[in-house]
file coords.cif (mmCIF, C-alpha atoms)
data_work
loop_
_atom_site.label_atom_id
_atom_site.label_comp_id
_atom_site.auth_asym_id
_atom_site.auth_seq_id
_atom_site.Cartn_x
_atom_site.Cartn_y
_atom_site.Cartn_z
CA MET A 1 -30.33 -15.14 -42.04
CA LYS A 2 -29.49 -11.58 -43.00
CA LYS A 3 -31.63 -10.30 -40.10
CA LEU A 4 -29.85 -12.63 -37.68
CA GLY A 5 -26.48 -11.35 -38.89
CA LEU A 6 -27.60 -7.71 -38.42
CA ALA A 7 -28.99 -8.52 -34.96
CA LEU A 8 -25.69 -10.13 -33.94
CA LEU A 9 -23.75 -7.17 -35.32
CA ALA A 10 -25.97 -4.73 -33.40
CA PHE A 11 -25.56 -6.78 -30.21
CA ALA A 12 -21.78 -6.83 -30.64
CA MET A 13 -21.76 -3.05 -31.10
CA VAL A 14 -23.80 -2.55 -27.90
CA LEU A 15 -21.38 -4.77 -25.97
CA GLY A 16 -18.44 -2.88 -27.44
CA ILE A 17 -19.89 0.49 -26.44
CA ALA A 18 -20.63 -0.78 -22.91
CA ALA A 19 -17.09 -2.11 -22.55
CA CYS A 20 -15.60 1.18 -23.75
CA SER A 21 -17.68 3.27 -21.33
CA SER A 22 -16.67 1.14 -18.32
CA THR A 23 -13.03 1.29 -19.40
CA SER A 24 -13.14 5.07 -19.79
CA SER A 25 -14.66 5.49 -16.30
CA ALA A 26 -11.88 3.38 -14.79
CA THR A 27 -9.39 5.46 -16.72
CA SER A 28 -11.11 8.60 -15.44
CA ASP A 29 -10.81 7.34 -11.82
CA GLU A 30 -7.16 6.47 -12.40
CA LYS A 31 -6.51 9.92 -13.84
CA LYS A 32 -8.23 11.55 -10.87
CA GLN A 33 -6.14 9.50 -8.42
CA GLU A 34 -2.95 10.34 -10.31
CA ALA A 35 -3.83 14.06 -10.05
CA ILE A 36 -4.30 13.64 -6.29
CA ASN A 37 -0.98 11.80 -5.98
CA ASP A 38 0.77 14.52 -8.03
CA SER A 39 -0.67 17.20 -5.74
CA PHE A 40 0.70 15.44 -2.67
CA ARG A 41 4.08 14.75 -4.33
CA LYS A 42 4.56 18.43 -5.16
CA VAL A 43 3.86 19.42 -1.56
CA TYR A 44 6.19 16.70 -0.21
CA GLU A 45 8.99 17.90 -2.49
CA SER A 46 8.62 21.46 -1.21
CA TYR A 47 8.88 20.46 2.46
CA ALA A 48 11.05 17.33 2.35
CA ASN A 49 13.85 18.78 4.49
CA VAL A 50 11.72 20.47 7.15
CA LEU A 51 11.06 17.58 9.56
CA VAL A 52 13.33 16.56 12.39
CA LEU A 53 13.67 12.80 12.12
CA ASP A 54 15.91 12.26 15.18
CA GLY A 55 14.03 9.91 17.48
CA ALA A 56 11.61 8.80 14.74
CA GLU A 57 9.99 5.39 15.06
CA THR A 58 8.85 2.88 12.46
CA TYR A 59 5.30 1.56 12.32
CA THR A 60 3.87 -1.20 10.14
CA VAL A 61 0.32 -0.48 8.97
CA LYS A 62 -2.26 -3.04 10.08
CA SER A 63 -5.67 -3.80 8.61
CA GLY A 64 -8.17 -1.09 9.53
CA ASP A 65 -5.53 1.56 10.27
CA LYS A 66 -6.04 5.15 9.17
CA LEU A 67 -3.38 7.82 9.36
CA THR A 68 -5.47 9.76 11.87
CA SER A 69 -5.69 6.74 14.19
CA ILE A 70 -1.93 6.17 13.88
CA ALA A 71 -1.29 9.84 14.66
CA LYS A 72 -3.56 9.58 17.72
CA GLU A 73 -1.71 6.46 18.88
CA PHE A 74 1.70 8.15 18.69
CA TYR A 75 0.84 11.83 19.28
CA GLY A 76 -2.15 11.72 21.65
CA SER A 77 -5.89 11.33 21.30
CA ASP A 78 -6.43 15.01 20.42
CA ASN A 79 -3.74 15.04 17.73
CA GLY A 80 -5.11 12.82 14.96
CA TYR A 81 -4.99 15.66 12.44
CA PHE A 82 -1.22 15.81 12.75
CA PHE A 83 -1.14 12.87 10.30
CA PRO A 84 0.55 15.07 7.63
CA ILE A 85 3.76 14.84 9.69
CA ILE A 86 3.69 11.07 9.19
CA MET A 87 2.83 11.54 5.49
CA LEU A 88 5.81 13.83 4.96
CA ALA A 89 8.22 11.52 6.77
CA SER A 90 6.83 8.53 4.85
CA ASN A 91 6.41 10.23 1.46
CA GLU A 92 8.21 7.41 -0.35
CA VAL A 93 5.44 5.08 0.86
CA VAL A 94 2.35 7.27 1.32
CA GLN A 95 0.97 9.26 -1.57
CA ASP A 96 -2.70 9.64 -0.67
CA PRO A 97 -3.41 9.39 3.07
CA GLU A 98 -6.69 7.57 2.36
CA LEU A 99 -4.83 4.77 0.58
CA ILE A 100 -2.54 3.29 3.20
CA THR A 101 -2.47 -0.49 3.15
CA PRO A 102 -1.40 -3.20 5.60
CA GLY A 103 2.31 -3.88 5.49
CA MET A 104 3.37 -0.32 4.65
CA GLU A 105 6.31 0.79 6.79
CA LEU A 106 5.72 4.33 8.03
CA THR A 107 8.19 6.68 9.66
CA ILE A 108 6.70 8.34 12.74
CA PRO A 109 8.65 11.51 13.58
CA ASN A 110 9.02 12.62 17.17
CA PHE A 111 6.07 14.92 17.85
CA ASP A 112 7.79 17.19 20.37
CA ALA A 113 10.89 17.65 18.20
CA ASN A 114 8.72 18.96 15.36
CA ILE A 115 5.81 20.73 17.05
CA ASN A 116 7.48 22.17 20.15
CA ASP A 117 10.49 23.46 18.24
CA THR A 118 9.21 26.89 17.21
CA GLU A 119 11.55 27.09 14.21
CA VAL A 120 10.46 23.70 12.81
CA ALA A 121 6.79 24.30 13.64
CA THR A 122 6.89 27.66 11.86
CA LYS A 123 8.28 25.94 8.75
CA LEU A 124 5.48 23.36 8.97
CA LYS A 125 2.73 26.02 8.98
CA PRO A 126 2.62 26.39 5.16
CA TYR A 127 2.94 22.62 4.76
CA PHE A 128 -0.27 22.02 6.74
CA LYS A 129 -1.93 24.80 4.76
CA SER A 130 -0.84 23.17 1.48
CA ILE A 131 -2.24 19.79 2.56
CA ALA A 132 -5.49 21.54 3.58
CA ASN A 133 -5.65 23.08 0.11
CA ILE A 134 -5.46 19.62 -1.47
CA TYR A 135 -8.54 18.69 0.58
CA LYS A 136 -10.24 21.79 -0.84
CA THR A 137 -9.38 21.05 -4.47
CA THR A 138 -8.41 17.57 -5.65
CA LYS A 139 -9.72 15.63 -2.60
CA LYS A 140 -12.88 17.70 -2.08
CA ASP A 141 -15.08 14.64 -2.69
CA ALA A 142 -13.33 12.49 -0.07
CA PRO A 143 -15.45 11.62 2.99
CA GLY A 144 -14.83 14.21 5.70
CA ALA A 145 -12.77 16.45 3.42
CA ASP A 146 -14.27 19.67 4.81
CA VAL A 147 -13.64 18.68 8.42
CA THR A 148 -10.09 17.57 7.62
CA ARG A 149 -9.37 20.78 5.73
CA GLU A 150 -10.66 22.95 8.59
CA ALA A 151 -8.64 21.01 11.19
CA LEU A 152 -5.46 21.31 9.10
CA LEU A 153 -6.02 25.05 8.60
CA ASP A 154 -6.54 25.45 12.35
CA ILE A 155 -3.28 23.63 13.07
CA SER A 156 -1.51 25.75 10.44
CA GLU A 157 -2.64 28.96 12.10
CA LYS A 158 -1.51 27.86 15.56
CA LEU A 159 1.79 26.13 14.75
CA GLY A 160 4.82 27.92 16.12
CA THR A 161 2.97 29.69 18.93
CA GLU A 162 4.06 29.16 22.54
CA THR A 163 0.52 28.40 23.74
CA PHE A 164 -0.04 25.76 21.06
CA ALA A 165 3.27 24.01 21.75
CA SER A 166 2.56 23.69 25.48
CA LYS A 167 -1.02 22.46 24.82
CA ALA A 168 0.24 19.88 22.32
CA THR A 169 2.84 18.65 24.83
CA SER A 170 0.29 18.30 27.64
CA THR A 171 -2.00 16.33 25.32
CA THR A 172 0.74 13.85 24.39
CA GLU A 173 1.80 13.53 28.05
CA GLU A 174 -1.81 12.86 29.14
CA SER A 175 -2.12 10.25 26.39
CA ALA A 176 1.09 8.55 27.55
CA GLU A 177 -0.20 8.50 31.15
CA THR A 178 -3.48 6.97 29.96
CA VAL A 179 -1.61 4.24 28.11
CA GLU A 180 0.54 3.48 31.19
CA VAL A 181 -2.55 3.22 33.41
CA ALA A 182 -4.30 0.96 30.89
CA GLU A 183 -1.38 -1.46 30.79
#
call {"tool": "encode", "arguments": {"input": "coords.cif", "output": "structure tokens"}}
result
Amino acid sequence: MKKLGLALLAFAMVLGIAACSSTSSATSDEKKQEAINDSFRKVYESYANVLVLDGAETYTVKSGDKLTSIAKEFYGSDNGYFFPIIMLASNEVVQDPELITPGMELTIPNFDANINDTEVATKLKPYFKSIANIYKTTKKDAPGADVTREALLDISEKLGTETFASKATSTTEESAETVEVAE
């Protein structure tokens, strides 16, 4: 009887240890996500008043949407990595761009008003660089983090230049023509 009691006690201890380790890993994941969210929040706070929101649209996230696909839909097929503009305009809703969910209401700023306005685009340069830095540090393990970071750094370097603004405009115009033809 004494052996049975010790065996039950040992079994209970093993279960307790297993439960604690799974709880601590969930807590670890939650802490990691909170660090990511804090990183994005700090960047949003620094650039909250940069965007031009005149002419902005509202979009409701659907199942399967990603911010890059939404950016492509509104800004042109070559402009998916401009998703940080949507993040900044929707910072009350979007913390981590990988965690958008159906039903979220996003603000979609006018692309031309923000990218083709040299003054606004120049102010957005460090914002894109800051978002790229998050993909280098706290989101480095996210799928495609290196590619995203490089694309954001590339945009950051080119924002505010005349050549970039005209290329971005032609891309959105071509996308709009494609949509009209398809309809």
call {"tool": "closest_residue", "arguments": {"input": "coords.cif", "among": "A:Tyr59, A:Tyr127, A:Tyr135, A:Phe40", "to": "Phe82 in chain A", "atoms": "only C-alpha atoms"}}
result
A:Tyr127
call {"tool": "atom_distance", "arguments": {"input": "coords.cif", "atom1": "CA of Thr122 in chain A", "atom2": "CA of Tyr47 in chain A"}}
result
12.0 Å
call {"tool": "atom_distance", "arguments": {"input": "coords.cif", "atom1": "CA of Ala145 in chain A", "atom2": "CA of Ala113 in chain A"}}
result
27.9 Å
call {"tool": "atom_distance", "arguments": {"input": "coords.cif", "atom1": "CA of Asp65 in chain A", "atom2": "CA of Ala89 in chain A"}}
result
17.3 Å
call {"tool": "resolve_selection", "arguments": {"input": "coords.cif", "expression": "the PyMOL selection byres ((chain A and resi 138) around 10)", "output": "list in words"}}
result
Lys32, Gln33, Ala35, Ile36, Asn37, Asp38, Ser39, Phe40, Asn133, Ile134, Tyr135, Lys136, Thr137, Lys139, Lys140, Asp141 and Ala142 of chain A
call {"tool": "closest_residue", "arguments": {"input": "coords.cif", "among": "A:Glu157, A:Val43, A:Leu51, A:Ile115", "to": "Asn79 in chain A", "atoms": "only C-alpha atoms"}}
result
A:Ile115
call {"tool": "closest_residue", "arguments": {"input": "coords.cif", "among": "A:Thr118, A:Asn49, A:Thr101, A:Asn110", "to": "Tyr75 in chain A", "atoms": "all atoms listed in the file"}}
result
A:Asn110
call {"tool": "resolve_selection", "arguments": {"input": "coords.cif", "expression": "the PyMOL selection byres ((chain A and resi 126) around 12)", "output": "list in words"}}
result
Val43, Tyr44, Ser46, Tyr47, Val50, Pro84, Val120, Ala121, Thr122, Lys123, Leu124, Lys125, Tyr127, Phe128, Lys129, Ser130, Ile131, Ala132, Asn133, Leu152, Leu153, Asp154, Ile155, Ser156, Glu157, Lys158, Leu159 and Gly160 of chain A
call {"tool": "residues_around", "arguments": {"input": "coords.cif", "residues": "Ser90 in chain A", "least_positions_apart": "3", "cutoff": "9 Å", "atoms": "all atoms listed in the file", "output": "PyMOL selection string"}}
result
chain A and resi 85-87+93-95+105-108
call {"tool": "closest_residue", "arguments": {"input": "coords.cif", "among": "A:Glu162, A:Pro143, A:Glu73, A:Val61", "to": "Ile100 in chain A", "atoms": "all atoms listed in the file"}}
result
A:Val61
call {"tool": "closest_residue", "arguments": {"input": "coords.cif", "among": "A:Ser28, A:Ser77, A:Ser63, A:Thr148", "to": "Pro102 in chain A", "atoms": "all atoms listed in the file"}}
result
A:Ser63
call {"tool": "resolve_selection", "arguments": {"input": "coords.cif", "expression": "the PyMOL selection byres ((chain A and resi 56) around 9)", "output": "NGL selection string"}}
result
:A and (52-55 or 57-58 or 107-111)
call {"tool": "decode", "arguments": {"input": "coords.cif", "residues": "range 66-113 of chain A", "atoms": "N, CA and C atoms", "output": "compact mmCIF listing (two decimals), in the first residue's frame"}}
result
# COMPACT_ATOMS: atom_id res chain seq x y z
N LYS A 66 -3.66 38.93 -46.12
CA LYS A 66 -2.39 39.32 -45.51
C LYS A 66 -2.22 40.80 -45.83
N LEU A 67 -1.48 41.51 -45.01
CA LEU A 67 -1.32 42.94 -45.28
C LEU A 67 -0.64 43.19 -46.62
N THR A 68 0.26 42.32 -47.02
CA THR A 68 0.90 42.51 -48.33
C THR A 68 -0.11 42.37 -49.47
N SER A 69 -1.04 41.41 -49.35
CA SER A 69 -2.04 41.25 -50.42
C SER A 69 -3.02 42.42 -50.43
N ILE A 70 -3.33 42.96 -49.27
CA ILE A 70 -4.21 44.14 -49.21
C ILE A 70 -3.50 45.34 -49.82
N ALA A 71 -2.21 45.51 -49.50
CA ALA A 71 -1.44 46.61 -50.08
C ALA A 71 -1.38 46.48 -51.60
N LYS A 72 -1.18 45.27 -52.10
CA LYS A 72 -1.16 45.05 -53.55
C LYS A 72 -2.51 45.42 -54.18
N GLU A 73 -3.59 45.04 -53.50
CA GLU A 73 -4.92 45.32 -54.02
C GLU A 73 -5.17 46.82 -54.16
N PHE A 74 -4.73 47.59 -53.17
CA PHE A 74 -4.99 49.03 -53.18
C PHE A 74 -3.87 49.85 -53.83
N TYR A 75 -2.63 49.38 -53.77
CA TYR A 75 -1.49 50.18 -54.21
C TYR A 75 -0.81 49.67 -55.47
N GLY A 76 -1.22 48.52 -55.98
CA GLY A 76 -0.62 47.96 -57.19
C GLY A 76 0.16 46.70 -56.90
N SER A 77 0.24 45.84 -57.88
CA SER A 77 0.82 44.51 -57.69
C SER A 77 2.29 44.54 -57.29
N ASP A 78 3.01 45.60 -57.61
CA ASP A 78 4.43 45.69 -57.22
C ASP A 78 4.64 46.38 -55.87
N ASN A 79 3.56 46.72 -55.20
CA ASN A 79 3.68 47.55 -54.00
C ASN A 79 3.19 46.88 -52.71
N GLY A 80 3.30 45.56 -52.65
CA GLY A 80 2.86 44.83 -51.47
C GLY A 80 3.63 45.18 -50.20
N TYR A 81 4.90 45.57 -50.37
CA TYR A 81 5.71 45.88 -49.19
C TYR A 81 5.48 47.30 -48.67
N PHE A 82 4.47 47.97 -49.19
CA PHE A 82 4.06 49.25 -48.63
C PHE A 82 3.02 49.04 -47.52
N PHE A 83 2.85 47.79 -47.10
CA PHE A 83 1.89 47.48 -46.02
C PHE A 83 2.11 48.28 -44.75
N PRO A 84 3.34 48.74 -44.43
CA PRO A 84 3.49 49.54 -43.20
C PRO A 84 2.68 50.84 -43.20
N ILE A 85 2.32 51.34 -44.39
CA ILE A 85 1.46 52.53 -44.44
C ILE A 85 0.09 52.17 -43.86
N ILE A 86 -0.42 51.01 -44.22
CA ILE A 86 -1.71 50.56 -43.70
C ILE A 86 -1.60 50.29 -42.20
N MET A 87 -0.47 49.68 -41.78
CA MET A 87 -0.26 49.42 -40.35
C MET A 87 -0.31 50.72 -39.55
N LEU A 88 0.39 51.73 -40.03
CA LEU A 88 0.46 53.00 -39.30
C LEU A 88 -0.91 53.66 -39.23
N ALA A 89 -1.65 53.65 -40.33
CA ALA A 89 -2.98 54.25 -40.34
C ALA A 89 -3.97 53.45 -39.49
N SER A 90 -3.70 52.18 -39.32
CA SER A 90 -4.61 51.28 -38.59
C SER A 90 -4.00 50.82 -37.27
N ASN A 91 -3.11 51.63 -36.69
CA ASN A 91 -2.35 51.18 -35.52
C ASN A 91 -3.21 50.89 -34.29
N GLU A 92 -4.43 51.37 -34.26
CA GLU A 92 -5.32 51.04 -33.14
C GLU A 92 -5.84 49.61 -33.28
N VAL A 93 -5.76 49.07 -34.50
CA VAL A 93 -6.29 47.74 -34.79
C VAL A 93 -5.16 46.73 -35.00
N VAL A 94 -4.13 47.13 -35.74
CA VAL A 94 -3.04 46.23 -36.11
C VAL A 94 -1.84 46.47 -35.20
N GLN A 95 -1.42 45.45 -34.51
CA GLN A 95 -0.17 45.52 -33.77
C GLN A 95 0.90 44.83 -34.60
N ASP A 96 0.76 43.54 -34.76
CA ASP A 96 1.69 42.72 -35.51
C ASP A 96 1.07 42.45 -36.89
N PRO A 97 1.76 42.79 -37.97
CA PRO A 97 1.16 42.62 -39.29
C PRO A 97 0.84 41.16 -39.64
N GLU A 98 1.46 40.22 -38.96
CA GLU A 98 1.20 38.80 -39.23
C GLU A 98 -0.09 38.33 -38.55
N LEU A 99 -0.65 39.17 -37.68
CA LEU A 99 -1.79 38.73 -36.88
C LEU A 99 -3.07 39.49 -37.17
N ILE A 100 -3.29 39.81 -38.45
CA ILE A 100 -4.57 40.42 -38.78
C ILE A 100 -5.62 39.31 -38.85
N THR A 101 -6.84 39.65 -38.48
CA THR A 101 -7.89 38.64 -38.45
C THR A 101 -9.14 39.15 -39.16
N PRO A 102 -9.95 38.24 -39.70
CA PRO A 102 -11.17 38.64 -40.38
C PRO A 102 -12.04 39.52 -39.48
N GLY A 103 -12.59 40.54 -40.09
CA GLY A 103 -13.45 41.47 -39.37
C GLY A 103 -12.75 42.75 -38.94
N MET A 104 -11.42 42.74 -38.91
CA MET A 104 -10.69 43.97 -38.56
C MET A 104 -11.00 45.05 -39.60
N GLU A 105 -11.22 46.26 -39.14
CA GLU A 105 -11.45 47.40 -40.04
C GLU A 105 -10.14 48.16 -40.17
N LEU A 106 -9.58 48.15 -41.37
CA LEU A 106 -8.31 48.82 -41.63
C LEU A 106 -8.53 50.13 -42.36
N THR A 107 -7.69 51.10 -42.07
CA THR A 107 -7.68 52.36 -42.81
C THR A 107 -6.62 52.23 -43.88
N ILE A 108 -7.01 52.51 -45.12
CA ILE A 108 -6.09 52.41 -46.25
C ILE A 108 -5.82 53.83 -46.76
N PRO A 109 -4.67 54.39 -46.39
CA PRO A 109 -4.36 55.76 -46.84
C PRO A 109 -4.18 55.82 -48.36
N ASN A 110 -4.41 56.99 -48.90
CA ASN A 110 -4.19 57.23 -50.32
C ASN A 110 -2.70 57.10 -50.61
N PHE A 111 -2.36 56.21 -51.51
CA PHE A 111 -0.96 55.93 -51.83
C PHE A 111 -0.25 57.16 -52.39
N ASP A 112 -0.85 57.78 -53.40
CA ASP A 112 -0.21 58.93 -54.04
C ASP A 112 0.00 60.09 -53.07
N ALA A 113 -0.96 60.33 -52.19
CA ALA A 113 -0.85 61.44 -51.25
C ALA A 113 0.30 61.24 -50.27
